[in-house]
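Enquirer: File data_19.txt below, compact mmCIF, C-alpha atoms:
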# COMPACT_ATOMS: atom_id res chain seq x y z
CA MET L 1377 -16.60 -6.39 4.47
CA ALA L 1378 -18.22 -4.13 1.90
CA GLN L 1379 -16.88 -4.09 -1.66
CA LEU L 1380 -15.40 -0.63 -2.10
CA LEU L 1381 -15.34 1.39 -5.31
CA LYS L 1382 -11.86 2.94 -5.46
CA VAL L 1383 -10.11 5.46 -7.68
CA GLN L 1384 -6.33 4.88 -7.58
CA ASN L 1385 -3.41 6.88 -8.92
CA PHE L 1386 -5.54 9.20 -11.01
CA CYS L 1387 -3.48 12.20 -12.14
CA VAL L 1388 -4.74 15.72 -12.64
CA SER L 1389 -3.07 19.01 -13.36
CA ARG L 1390 -2.87 21.80 -10.77
CA ASP L 1391 -5.94 23.32 -12.40
CA GLY L 1392 -7.96 20.09 -12.18
CA TYR L 1393 -7.75 18.47 -15.63
CA GLY L 1394 -7.30 14.71 -16.10
CA ALA L 1395 -6.40 15.11 -19.78
CA GLY L 1396 -5.78 17.95 -22.20
CA GLU L 1397 -7.74 18.97 -25.27
CA GLY L 1398 -7.68 17.05 -28.55
CA GLN L 1399 -7.17 13.46 -27.36
CA SER L 1400 -6.11 11.19 -30.21
CA LEU L 1401 -4.16 8.06 -31.02
CA GLU L 1402 -0.97 10.10 -31.18
CA ARG L 1403 -1.86 12.25 -28.15
CA PRO L 1404 -3.75 10.04 -25.66
CA PHE L 1405 -3.75 12.87 -23.10
CA GLY L 1406 -4.49 15.56 -25.70
CA HIS L 1407 -2.23 18.60 -25.47
CA ALA L 1408 -1.03 17.38 -22.03
CA ASP L 1409 2.35 15.66 -21.94
CA PRO L 1410 1.73 12.11 -20.66
CA ALA L 1411 5.26 11.96 -19.24
CA GLY L 1412 4.52 15.02 -17.13
CA PHE L 1413 1.41 13.34 -15.79
CA MET L 1414 2.76 9.89 -15.05
CA SER L 1415 6.49 10.24 -14.41
CA TRP L 1416 6.06 10.12 -10.61
CA ALA L 1417 4.40 6.69 -10.97
CA GLY L 1418 6.77 5.41 -13.65
CA ALA L 1419 9.73 6.11 -11.35
CA THR L 1420 8.51 3.68 -8.68
CA ALA L 1421 9.55 0.04 -8.25
CA SER L 1422 5.93 -1.17 -8.31
CA TRP L 1423 4.76 0.60 -11.47
CA PRO L 1424 2.86 -2.17 -13.30
CA ASN L 1425 4.51 -1.43 -16.65
CA ARG L 1426 8.05 -1.48 -15.28
CA THR L 1427 10.36 -3.78 -17.22
CA ASP L 1428 13.65 -3.30 -15.33
CA PRO L 1429 14.24 -4.16 -11.65
CA GLY L 1430 15.00 -0.61 -10.46
CA GLY L 1431 12.70 2.10 -9.19
CA SER L 1432 12.08 4.02 -5.98
CA ARG L 1433 10.51 2.47 -2.89
CA GLY L 1434 9.56 5.64 -1.07
CA LEU L 1435 6.17 7.26 -0.52
CA ASP L 1436 5.05 7.13 -4.16
CA ASP L 1437 5.68 3.40 -4.31
CA TYR L 1438 3.00 2.80 -1.66
CA PHE L 1439 0.48 4.16 -4.15
CA THR L 1440 1.59 2.14 -7.17
CA ARG L 1441 2.07 -0.96 -4.99
CA ASP L 1442 -1.54 -0.66 -3.88
CA PHE L 1443 -2.86 -0.71 -7.47
CA SER L 1444 -4.05 -4.32 -7.52
CA HIS L 1445 -4.48 -4.87 -3.76
CA ASN L 1446 -7.79 -6.70 -3.26
CA ILE L 1447 -9.10 -5.45 -6.63
CA GLY L 1448 -11.39 -7.87 -8.48
CA ALA L 1449 -12.62 -5.76 -11.41
CA GLU L 1450 -12.18 -2.36 -13.09
CA ILE L 1451 -14.67 0.04 -14.62
CA MET L 1452 -13.38 2.51 -17.19
CA GLY L 1453 -14.83 5.02 -19.62
CA ARG L 1454 -14.64 4.31 -23.31
CA ASN L 1455 -12.32 7.29 -23.76
CA LYS L 1456 -9.77 5.66 -21.47
CA PHE L 1457 -9.96 2.44 -23.47
CA SER L 1458 -9.67 3.99 -26.91
CA PRO L 1459 -8.89 7.21 -28.78
CA LEU L 1460 -11.77 6.41 -31.16
CA ARG L 1461 -15.12 8.16 -30.81
CA GLY L 1462 -18.57 7.13 -32.05
CA PRO L 1463 -19.49 3.64 -33.33
CA TRP L 1464 -16.70 1.03 -33.55
CA GLN L 1465 -15.47 0.87 -37.15
CA ASP L 1466 -14.00 -2.57 -36.48
CA HIS L 1467 -12.74 -4.56 -33.51
CA GLU L 1468 -9.03 -4.22 -34.16
CA TRP L 1469 -8.36 -1.75 -31.34
CA LEU L 1470 -7.48 -3.77 -28.23
CA GLY L 1471 -6.52 -0.95 -25.86
CA TRP L 1472 -3.31 0.93 -25.15
CA TRP L 1473 -1.65 -1.75 -23.08
CA GLY L 1474 -0.14 -4.33 -25.43
CA ASP L 1475 -0.50 -8.08 -24.98
CA GLU L 1476 -0.45 -8.03 -21.18
CA PRO L 1477 -2.72 -5.28 -19.89
CA PRO L 1478 -1.94 -4.43 -16.26
CA PHE L 1479 -5.47 -5.10 -14.97
CA HIS L 1480 -5.52 -8.93 -14.68
CA THR L 1481 -9.26 -8.89 -13.90
CA PRO L 1482 -12.51 -8.32 -15.74
CA VAL L 1483 -12.73 -4.74 -17.05
CA PHE L 1484 -16.07 -3.08 -17.85
CA VAL L 1485 -15.78 -0.42 -20.54
CA LEU L 1486 -18.70 2.03 -20.54
CA THR L 1487 -19.83 2.70 -24.09
CA HIS L 1488 -23.01 3.38 -26.01
CA TYR L 1489 -21.79 1.11 -28.80
CA GLU L 1490 -21.98 -2.66 -28.62
CA ARG L 1491 -18.89 -4.74 -28.99
CA PRO L 1492 -18.09 -8.39 -28.18
CA THR L 1493 -16.17 -9.30 -25.04
CA PHE L 1494 -12.52 -10.23 -25.61
CA SER L 1495 -9.60 -11.36 -23.46
CA LEU L 1496 -5.95 -10.30 -23.60
CA GLY L 1497 -3.51 -11.92 -21.17
CA ASP L 1498 -5.61 -12.49 -18.06
CA THR L 1499 -7.68 -9.34 -18.57
CA THR L 1500 -11.18 -9.63 -20.06
CA PHE L 1501 -12.82 -6.54 -21.54
CA HIS L 1502 -16.61 -6.29 -21.47
CA PHE L 1503 -18.40 -3.43 -23.25
CA VAL L 1504 -21.53 -2.26 -21.48
CA ASN L 1505 -24.08 0.46 -22.06
CA ARG L 1506 -25.14 1.06 -18.46
CA GLU L 1507 -25.73 3.78 -15.94
CA PRO L 1508 -23.04 4.03 -13.22
CA ALA L 1509 -25.02 2.15 -10.55
CA ASP L 1510 -25.84 -0.72 -12.91
CA ALA L 1511 -22.26 -0.96 -14.18
CA LEU L 1512 -21.04 -1.06 -10.59
CA ALA L 1513 -23.44 -3.90 -9.79
CA LEU L 1514 -22.04 -5.88 -12.73
CA ALA L 1515 -18.45 -5.19 -11.70
CA ARG L 1516 -19.10 -6.11 -8.07
CA GLU L 1517 -20.51 -9.44 -9.09
CA ALA L 1518 -17.51 -10.10 -11.34
CA ALA L 1519 -15.13 -9.07 -8.54
CA GLN L 1520 -16.31 -11.97 -6.38
CA GLY L 1521 -16.16 -10.16 -3.07
CA LYS L 1522 -13.14 -8.01 -3.84
CA ASP L 1523 -13.12 -4.25 -4.39
CA VAL L 1524 -13.71 -2.53 -7.73
CA ARG L 1525 -11.34 0.02 -9.25
CA LEU L 1526 -12.77 2.99 -11.12
CA GLY L 1527 -10.08 3.64 -13.69
CA GLY L 1528 -11.14 6.98 -15.21
CA GLY L 1529 -11.06 9.15 -17.20
CA ALA L 1530 -12.11 12.31 -15.47
CA THR L 1531 -15.60 12.39 -16.99
CA THR L 1532 -16.32 8.85 -15.82
CA ILE L 1533 -15.02 9.52 -12.31
CA ARG L 1534 -17.14 12.66 -12.17
CA GLU L 1535 -20.25 10.68 -13.12
CA PHE L 1536 -19.66 8.13 -10.39
CA LEU L 1537 -18.92 10.87 -7.85
CA ASP L 1538 -22.13 12.66 -8.82
CA ALA L 1539 -24.03 9.38 -8.32
CA ASP L 1540 -22.34 9.09 -4.88
CA LEU L 1541 -20.87 5.66 -5.68
CA VAL L 1542 -17.17 6.27 -4.97
CA ASP L 1543 -15.83 5.10 -1.59
CA THR L 1544 -12.17 6.13 -1.82
CA LEU L 1545 -10.40 8.42 -4.27
CA HIS L 1546 -6.65 8.87 -4.67
CA VAL L 1547 -5.69 11.73 -6.98
CA ALA L 1548 -2.09 12.73 -7.65
CA VAL L 1549 -1.99 16.45 -8.45
CA VAL L 1550 0.97 17.09 -10.73
CA ASP L 1551 2.64 20.46 -10.84
CA ILE L 1552 1.64 21.48 -14.35
CA GLU L 1553 -1.09 23.81 -15.58
CA LEU L 1554 -3.20 22.76 -18.58
CA GLY L 1555 -5.65 25.62 -18.97
CA GLY L 1556 -8.23 23.35 -20.59
CA GLY L 1557 -9.22 19.76 -21.25
CA VAL L 1558 -11.24 17.12 -19.45
CA ARG L 1559 -11.96 18.39 -15.98
CA LEU L 1560 -12.13 16.37 -12.75
CA TRP L 1561 -12.78 19.31 -10.43
CA GLU L 1562 -12.58 23.06 -10.08
CA SER L 1563 -11.53 22.61 -6.47
CA THR L 1564 -11.19 19.77 -3.98
CA GLU L 1565 -13.76 21.62 -1.85
CA GLU L 1566 -16.45 20.17 -4.11
CA LEU L 1567 -15.85 16.86 -2.32
CA THR L 1568 -14.95 17.71 1.26
CA ASP L 1569 -18.55 17.87 2.40
CA ARG L 1570 -18.82 14.14 1.74
CA TYR L 1571 -15.23 12.97 2.12
CA HIS L 1572 -12.34 13.17 4.55
CA LEU L 1573 -9.21 14.43 2.80
CA ASP L 1574 -5.52 13.87 3.52
CA VAL L 1575 -3.27 16.11 1.42
CA VAL L 1576 0.25 14.67 1.24
CA PRO L 1577 3.04 16.39 -0.69
CA SER L 1578 5.52 13.87 -2.05
CA PRO L 1579 9.26 14.48 -2.41
CA SER L 1580 8.74 13.70 -6.12
CA GLY L 1581 6.79 16.92 -6.60
CA VAL L 1582 3.23 15.55 -6.88
CA THR L 1583 0.71 16.11 -4.11
CA HIS L 1584 -1.31 13.06 -3.19
CA HIS L 1585 -4.94 13.73 -2.33
CA ILE L 1586 -6.62 10.86 -0.51
CA PHE L 1587 -10.39 11.06 -0.03
CA TRP L 1588 -12.53 8.61 1.88
CA ARG L 1589 -16.19 8.73 2.84
CA LYS L 1590 -17.30 10.51 6.00
CA MET O 1388 12.53 -10.37 -8.55
CA ALA O 1389 14.67 -10.37 -5.42
CA GLN O 1390 13.11 -11.29 -2.10
CA LEU O 1391 13.26 -8.12 -0.03
CA LEU O 1392 13.74 -7.90 3.73
CA LYS O 1393 11.31 -5.22 4.90
CA VAL O 1394 10.60 -3.44 8.16
CA GLN O 1395 7.01 -2.21 8.23
CA ASN O 1396 5.11 0.07 10.61
CA PHE O 1397 7.81 0.04 13.27
CA CYS O 1398 7.17 2.83 15.78
CA VAL O 1399 9.78 4.83 17.63
CA SER O 1400 9.64 7.84 19.89
CA ARG O 1401 10.92 11.25 18.81
CA ASP O 1402 14.17 10.40 20.59
CA GLY O 1403 14.59 7.07 18.79
CA TYR O 1404 13.34 4.39 21.19
CA GLY O 1405 11.25 1.42 20.03
CA ALA O 1406 10.23 0.53 23.58
CA GLY O 1407 10.67 1.99 27.04
CA GLU O 1408 12.54 0.60 30.03
CA GLY O 1409 11.29 -2.32 32.12
CA GLN O 1410 9.40 -4.39 29.56
CA SER O 1411 7.13 -6.97 31.23
CA LEU O 1412 3.94 -8.93 30.81
CA GLU O 1413 1.97 -5.99 32.19
CA ARG O 1414 4.03 -3.38 30.30
CA PRO O 1415 5.02 -4.86 26.93
CA PHE O 1416 6.53 -1.51 25.87
CA GLY O 1417 8.10 -0.87 29.30
CA HIS O 1418 7.43 2.63 30.62
CA ALA O 1419 6.19 3.69 27.17
CA ASP O 1420 2.43 3.85 26.70
CA PRO O 1421 1.57 1.33 23.94
CA ALA O 1422 -1.51 3.37 23.00
CA GLY O 1423 0.72 6.38 22.33
CA PHE O 1424 2.90 4.28 20.06
CA MET O 1425 0.26 2.46 18.06
CA SER O 1426 -2.84 4.65 18.04
CA TRP O 1427 -2.12 6.01 14.53
CA ALA O 1428 -2.17 2.43 13.19
CA GLY O 1429 -5.13 1.29 15.27
CA ALA O 1430 -7.22 4.14 13.85
CA THR O 1431 -6.91 2.85 10.27
CA ALA O 1432 -9.38 0.64 8.42
CA SER O 1433 -6.68 -1.93 7.56
CA TRP O 1434 -5.20 -2.42 11.04
CA PRO O 1435 -4.90 -6.23 11.26
CA ASN O 1436 -6.43 -6.40 14.74
CA ARG O 1437 -9.47 -4.28 13.88
CA THR O 1438 -12.74 -5.93 14.87
CA ASP O 1439 -15.27 -3.30 13.73
CA PRO O 1440 -15.78 -2.11 10.12
CA GLY O 1441 -14.78 1.54 10.68
CA GLY O 1442 -11.40 3.21 10.48
CA SER O 1443 -9.67 5.85 8.39
CA ARG O 1444 -8.62 5.29 4.78
CA GLY O 1445 -6.19 8.16 4.43
CA LEU O 1446 -2.40 8.19 4.27
CA ASP O 1447 -1.84 6.03 7.37
CA ASP O 1448 -4.05 3.30 5.95
CA TYR O 1449 -1.64 2.79 3.03
CA PHE O 1450 0.95 1.69 5.58
CA THR O 1451 -1.25 -0.72 7.52
CA ARG O 1452 -2.80 -2.01 4.28
CA ASP O 1453 0.67 -2.87 3.02
CA PHE O 1454 1.46 -5.03 6.08
CA SER O 1455 0.94 -8.43 4.43
CA HIS O 1456 1.47 -7.41 0.78
CA ASN O 1457 3.68 -10.08 -0.81
CA ILE O 1458 5.05 -11.13 2.61
CA GLY O 1459 5.84 -14.84 2.97
CA ALA O 1460 7.55 -14.99 6.38
CA GLU O 1461 8.47 -12.86 9.40
CA ILE O 1462 11.58 -12.71 11.54
CA MET O 1463 11.22 -11.30 15.05
CA GLY O 1464 13.35 -11.02 18.15
CA ARG O 1465 12.50 -13.11 21.17
CA ASN O 1466 11.68 -9.94 23.11
CA LYS O 1467 8.94 -9.11 20.63
CA PHE O 1468 7.49 -12.60 20.99
CA SER O 1469 7.53 -12.75 24.76
CA PRO O 1470 8.04 -10.70 27.93
CA LEU O 1471 10.00 -13.62 29.43
CA ARG O 1472 13.80 -13.55 29.50
CA GLY O 1473 16.28 -16.42 29.80
CA PRO O 1474 15.44 -20.13 29.33
CA TRP O 1475 11.81 -21.06 28.68
CA GLN O 1476 10.24 -22.22 31.95
CA ASP O 1477 7.49 -23.98 30.02
CA HIS O 1478 5.82 -23.70 26.63
CA GLU O 1479 2.58 -22.09 27.75
CA TRP O 1480 3.36 -18.62 26.38
CA LEU O 1481 2.03 -18.49 22.81
CA GLY O 1482 2.67 -14.82 22.02
CA TRP O 1483 0.70 -11.62 22.57
CA TRP O 1484 -1.74 -12.09 19.72
CA GLY O 1485 -4.47 -14.52 20.85
CA ASP O 1486 -5.73 -17.44 18.79
CA GLU O 1487 -5.34 -15.70 15.40
CA PRO O 1488 -1.97 -13.98 15.20
CA PRO O 1489 -1.91 -11.38 12.41
CA PHE O 1490 1.08 -12.90 10.60
CA HIS O 1491 -0.52 -15.81 8.68
CA THR O 1492 2.92 -17.05 7.59
CA PRO O 1493 5.89 -18.85 9.13
CA VAL O 1494 7.49 -16.68 11.86
CA PHE O 1495 11.12 -17.18 12.92
CA VAL O 1496 11.74 -16.14 16.53
CA LEU O 1497 15.42 -15.47 17.26
CA THR O 1498 16.34 -16.99 20.63
CA HIS O 1499 19.28 -18.68 22.31
CA TYR O 1500 16.88 -21.15 23.95
CA GLU O 1501 15.42 -24.11 22.09
CA ARG O 1502 11.71 -24.55 21.87
CA PRO O 1503 9.50 -26.73 19.65
CA THR O 1504 7.72 -25.23 16.64
CA PHE O 1505 3.99 -24.63 17.14
CA SER O 1506 1.11 -23.31 15.03
CA LEU O 1507 -1.69 -20.96 16.00
CA GLY O 1508 -4.33 -20.10 13.38
CA ASP O 1509 -2.37 -20.10 10.14
CA THR O 1510 0.81 -18.75 11.73
CA THR O 1511 3.65 -21.17 12.57
CA PHE O 1512 6.32 -20.08 15.07
CA HIS O 1513 9.82 -21.51 14.71
CA PHE O 1514 12.48 -20.82 17.35
CA VAL O 1515 15.96 -20.49 15.95
CA ASN O 1516 19.38 -19.72 17.39
CA ARG O 1517 20.97 -18.14 14.30
CA GLU O 1518 22.94 -15.17 13.17
CA PRO O 1519 20.94 -12.61 11.13
CA ALA O 1520 22.16 -13.80 7.70
CA ASP O 1521 21.37 -17.45 8.50
CA ALA O 1522 17.97 -16.62 9.92
CA LEU O 1523 17.21 -14.61 6.78
CA ALA O 1524 18.19 -17.56 4.57
CA LEU O 1525 15.75 -19.78 6.49
CA ALA O 1526 12.97 -17.21 6.26
CA ARG O 1527 13.53 -16.64 2.54
CA GLU O 1528 13.22 -20.34 1.87
CA ALA O 1529 10.02 -20.52 3.92
CA ALA O 1530 8.64 -17.44 2.11
CA GLN O 1531 8.66 -19.30 -1.22
CA GLY O 1532 9.68 -16.37 -3.37
CA LYS O 1533 7.82 -13.70 -1.43
CA ASP O 1534 9.39 -10.97 0.69
CA VAL O 1535 10.32 -11.32 4.36
CA ARG O 1536 9.15 -8.93 7.08
CA LEU O 1537 11.54 -8.04 9.89
CA GLY O 1538 9.14 -7.47 12.77
CA GLY O 1539 11.38 -5.96 15.47
CA GLY O 1540 12.05 -5.07 18.20
CA ALA O 1541 14.56 -2.29 17.90
CA THR O 1542 17.54 -4.42 18.91
CA THR O 1543 16.77 -7.01 16.27
CA ILE O 1544 16.28 -4.40 13.56
CA ARG O 1545 19.57 -2.79 14.57
CA GLU O 1546 21.39 -6.13 14.24
CA PHE O 1547 20.02 -6.68 10.73
CA LEU O 1548 20.83 -3.10 9.74
CA ASP O 1549 24.38 -3.52 11.02
CA ALA O 1550 24.68 -6.71 8.95
CA ASP O 1551 23.41 -4.71 5.93
CA LEU O 1552 20.52 -7.11 5.32
CA VAL O 1553 17.55 -4.70 5.34
CA ASP O 1554 16.20 -3.57 1.95
CA THR O 1555 13.36 -1.26 2.99
CA LEU O 1556 12.52 0.24 6.37
CA HIS O 1557 9.34 2.07 7.32
CA VAL O 1558 9.47 3.73 10.72
CA ALA O 1559 6.63 5.82 12.15
CA VAL O 1560 8.07 8.42 14.49
CA VAL O 1561 5.46 9.23 17.13
CA ASP O 1562 5.43 12.56 18.85
CA ILE O 1563 6.41 11.41 22.34
CA GLU O 1564 9.72 11.52 24.16
CA LEU O 1565 10.82 8.47 26.17
CA GLY O 1566 14.22 9.49 27.51
CA GLY O 1567 15.38 5.88 27.70
CA GLY O 1568 14.64 2.32 26.64
CA VAL O 1569 15.47 0.14 23.65
CA ARG O 1570 17.02 2.34 21.01
CA LEU O 1571 16.63 2.08 17.24
CA TRP O 1572 18.74 5.11 16.38
CA GLU O 1573 20.24 8.31 17.70
CA SER O 1574 19.49 9.99 14.38
CA THR O 1575 18.22 8.98 10.96
CA GLU O 1576 21.54 10.24 9.58
CA GLU O 1577 23.06 6.94 10.68
CA LEU O 1578 21.27 5.36 7.71
CA THR O 1579 21.21 7.98 4.97
CA ASP O 1580 24.64 7.03 3.66
CA ARG O 1581 23.17 3.67 2.58
CA TYR O 1582 19.50 4.50 2.11
CA HIS O 1583 17.27 6.96 0.34
CA LEU O 1584 14.83 8.57 2.77
CA ASP O 1585 11.37 10.05 2.29
CA VAL O 1586 10.11 11.89 5.38
CA VAL O 1587 6.32 12.22 5.29
CA PRO O 1588 4.37 13.95 8.06
CA SER O 1589 0.91 12.45 8.46
CA PRO O 1590 -2.20 14.42 9.43
CA SER O 1591 -2.49 11.95 12.36
CA GLY O 1592 0.62 13.44 13.98
CA VAL O 1593 3.17 10.69 13.25
CA THR O 1594 5.96 11.22 10.76
CA HIS O 1595 6.53 8.34 8.39
CA HIS O 1596 10.17 7.65 7.54
CA ILE O 1597 10.61 5.46 4.47
CA PHE O 1598 14.10 4.16 3.72
CA TRP O 1599 15.17 2.14 0.73
CA ARG O 1600 18.57 1.05 -0.47
CA LYS O 1601 20.70 3.32 -2.63
Just dump the structure as structure tokens.
Expert:
Amino acid sequence: MAQLLKVQNFCVSRDGYGAGEGQSLERPFGHADPAGFMSWAGATASWPNRTDPGGSRGLDDYFTRDFSHNIGAEIMGRNKFSPLRGPWQDHEWLGWWGDEPPFHTPVFVLTHYERPTFSLGDTTFHFVNREPADALALAREAAQGKDVRLGGGATTIREFLDADLVDTLHVAVVDIELGGGVRLWESTEELTDRYHLDVVPSPSGVTHHIFWRK
Amino acid sequence: MAQLLKVQNFCVSRDGYGAGEGQSLERPFGHADPAGFMSWAGATASWPNRTDPGGSRGLDDYFTRDFSHNIGAEIMGRNKFSPLRGPWQDHEWLGWWGDEPPFHTPVFVLTHYERPTFSLGDTTFHFVNREPADALALAREAAQGKDVRLGGGATTIREFLDADLVDTLHVAVVDIELGGGVRLWESTEELTDRYHLDVVPSPSGVTHHIFWRK
């Protein structure tokens, strides 16, 4: 079985933005409201950051439940890992996710700036200055036969799509308009020449878009 | 985390039947065409019985992919296990699933007729003459903290629903009319007093019904 490269539970606005303008420590999604982006996922029983036993087990839960299914490594852009830009001033920033990041695998952070590997919980962050295909080769080896998740942000996903490396792509389109920010697409039609597409409206108000290779 | 009892990928006709009339070795679904019932699942990449590497990875694949997620045991009715009725004539019948049944866990077959436990691949079949709650207690213990799948058929699912033991229920309603057979429900409204319900039409033509406890 081939090792797939999968995008899971990536959220974009109706007008195609994965984050707003002006991302910062205080505003990780820029001018976009993170609650508006992620509330559909946070409401599910299988949301990795859930701390109480409740949550819905309907359609949306199939998507959050699938998050770690057969995943052996993640690749993410540096701007997902950190609100900082440019060279690392120090190594104090350890990500947004507290002491137990929800990845539980090796994670490869794409960055032009060197930084030592570190582990937090059972997640290990590696910092690599590689082209998409080379980063994917590293992640596949680390995944030991399992699939690789491409975690975002939008710019990183776009680069891997442009290099034709993505096998499956799940995007939750949330019903908000941003007007600007970090764009994933102008239109889903940019992808339908290469991918099948199921469009599935959820009772929660998001519309799941599931792409897989033709 | 509680151990859930889950029904997964159970198929019924538009008029609520899980199998037709006259089930037999030659006609495991009675007068219903098994291809009509299961083709949506068989078309997916994650269908457990798939032998070639193809298959769709859209909405339907989330359901087949979820089949063994955190499942530690299955409970099934005797009429799912075997086309035979009444006392076992011999122990030659080993199920419908060949040398590698897709369960890979202990399976508890509900039957009034004793039969020794046997293993096939990494599935072990136990034959138990128990009420639903007692059978569930056995399966939970065997599942070692994982969830338990309730595999069907319709009569068995109905018994567990009537005993209020089912936590989540996924039913794929296929677009055929049977007119008679083994009934799961007259209407989904029989369950919506106790369960939330997401109704999700799939591009494949089936309509996924996802119930979870209120």
Enquirer: Let me make sure I understand: among L:Tyr1393, L:Phe1501, L:Phe1479, L:Phe1484, which one has the smallest atom-to-atom distance to Ala1515 of chain L if we use all atoms listed in the file?
Expert: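 Closest to Ala1515 of chain L of all the choices is L:Phe1484.
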Enquirer: Identify every residue of chain L that has at least one atom within 6 Å of any atom of chain O, counting all atoms listed in the file, and report the result as a PyMOL selection string.
Expert: chain L and resi 1433-1434+1574+1586+1588
Enquirer: Atom CA of Asn1425 of chain L and atom CA of Glu1397 of chain L, how far apart in Å?
Expert: 25.3 Å
Enquirer: Using all atoms listed in the file, which of O:Trp1572, O:Trp1484, O:Phe1514, O:Tyr1582 sits nearest Met1463 of chain O?
Expert: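 Among the listed residues, the smallest separation from Met1463 of chain O belongs to O:Phe1514.
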Enquirer: Determine the nearest neighbour of Ser1389 of chain L from the options L:Gly1462, L:Pro1492, L:Gly1581, L:Gly1555, counting only C-alpha atoms.
Expert: L:Gly1555
Enquirer: As a list in words, please: the residues near Trp1480 of chain O (cut-off 10 Å, all atoms listed in the file, same-chain neighbours under 4 positions excluded).
Expert: Phe1468, Ser1469, Pro1470, Leu1471, Trp1475 and Gln1476 of chain O
Enquirer: Between atom CA of Glu1507 of chain L and atom CA of Leu1567 of chain L, measure the distance and give it in Å to one decimal.
Expert: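 Between atom CA of Glu1507 of chain L and atom CA of Leu1567 of chain L the gap works out to 21.3 Å.
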Enquirer: Which of these, O:Leu1552, O:Leu1412, O:Leu1571, O:Leu1481, has the shortest distance to Ser1506 of chain O once you count only C-alpha atoms?
Expert: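 Answer, going by the shortest atom-to-atom distance: O:Leu1481.
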Enquirer: Record the distance separating atom CA of Gly1528 of chain L and atom CA of Gly1430 of chain L, expressed in Å with one decimal.
Expert: 27.6 Å
Enquirer: Would you kindly identify which residues have an atom no farther than 7 Å from (-6.5, 1.6, -7.6), using all atoms listed in the file and the file's own coordinates, and write them out as an MDAnalysis selection string?
Expert: chainID L and resid 1382:1385 1442:1444 1525
Enquirer: Pro1508 of chain L: which residues within 9 Å, counting all atoms listed in the file, same-chain residues fewer than 3 positions away excluded, as a ChimeraX atom specification?
Expert: /L:1486,1511-1513,1532,1535-1536,1539,1541
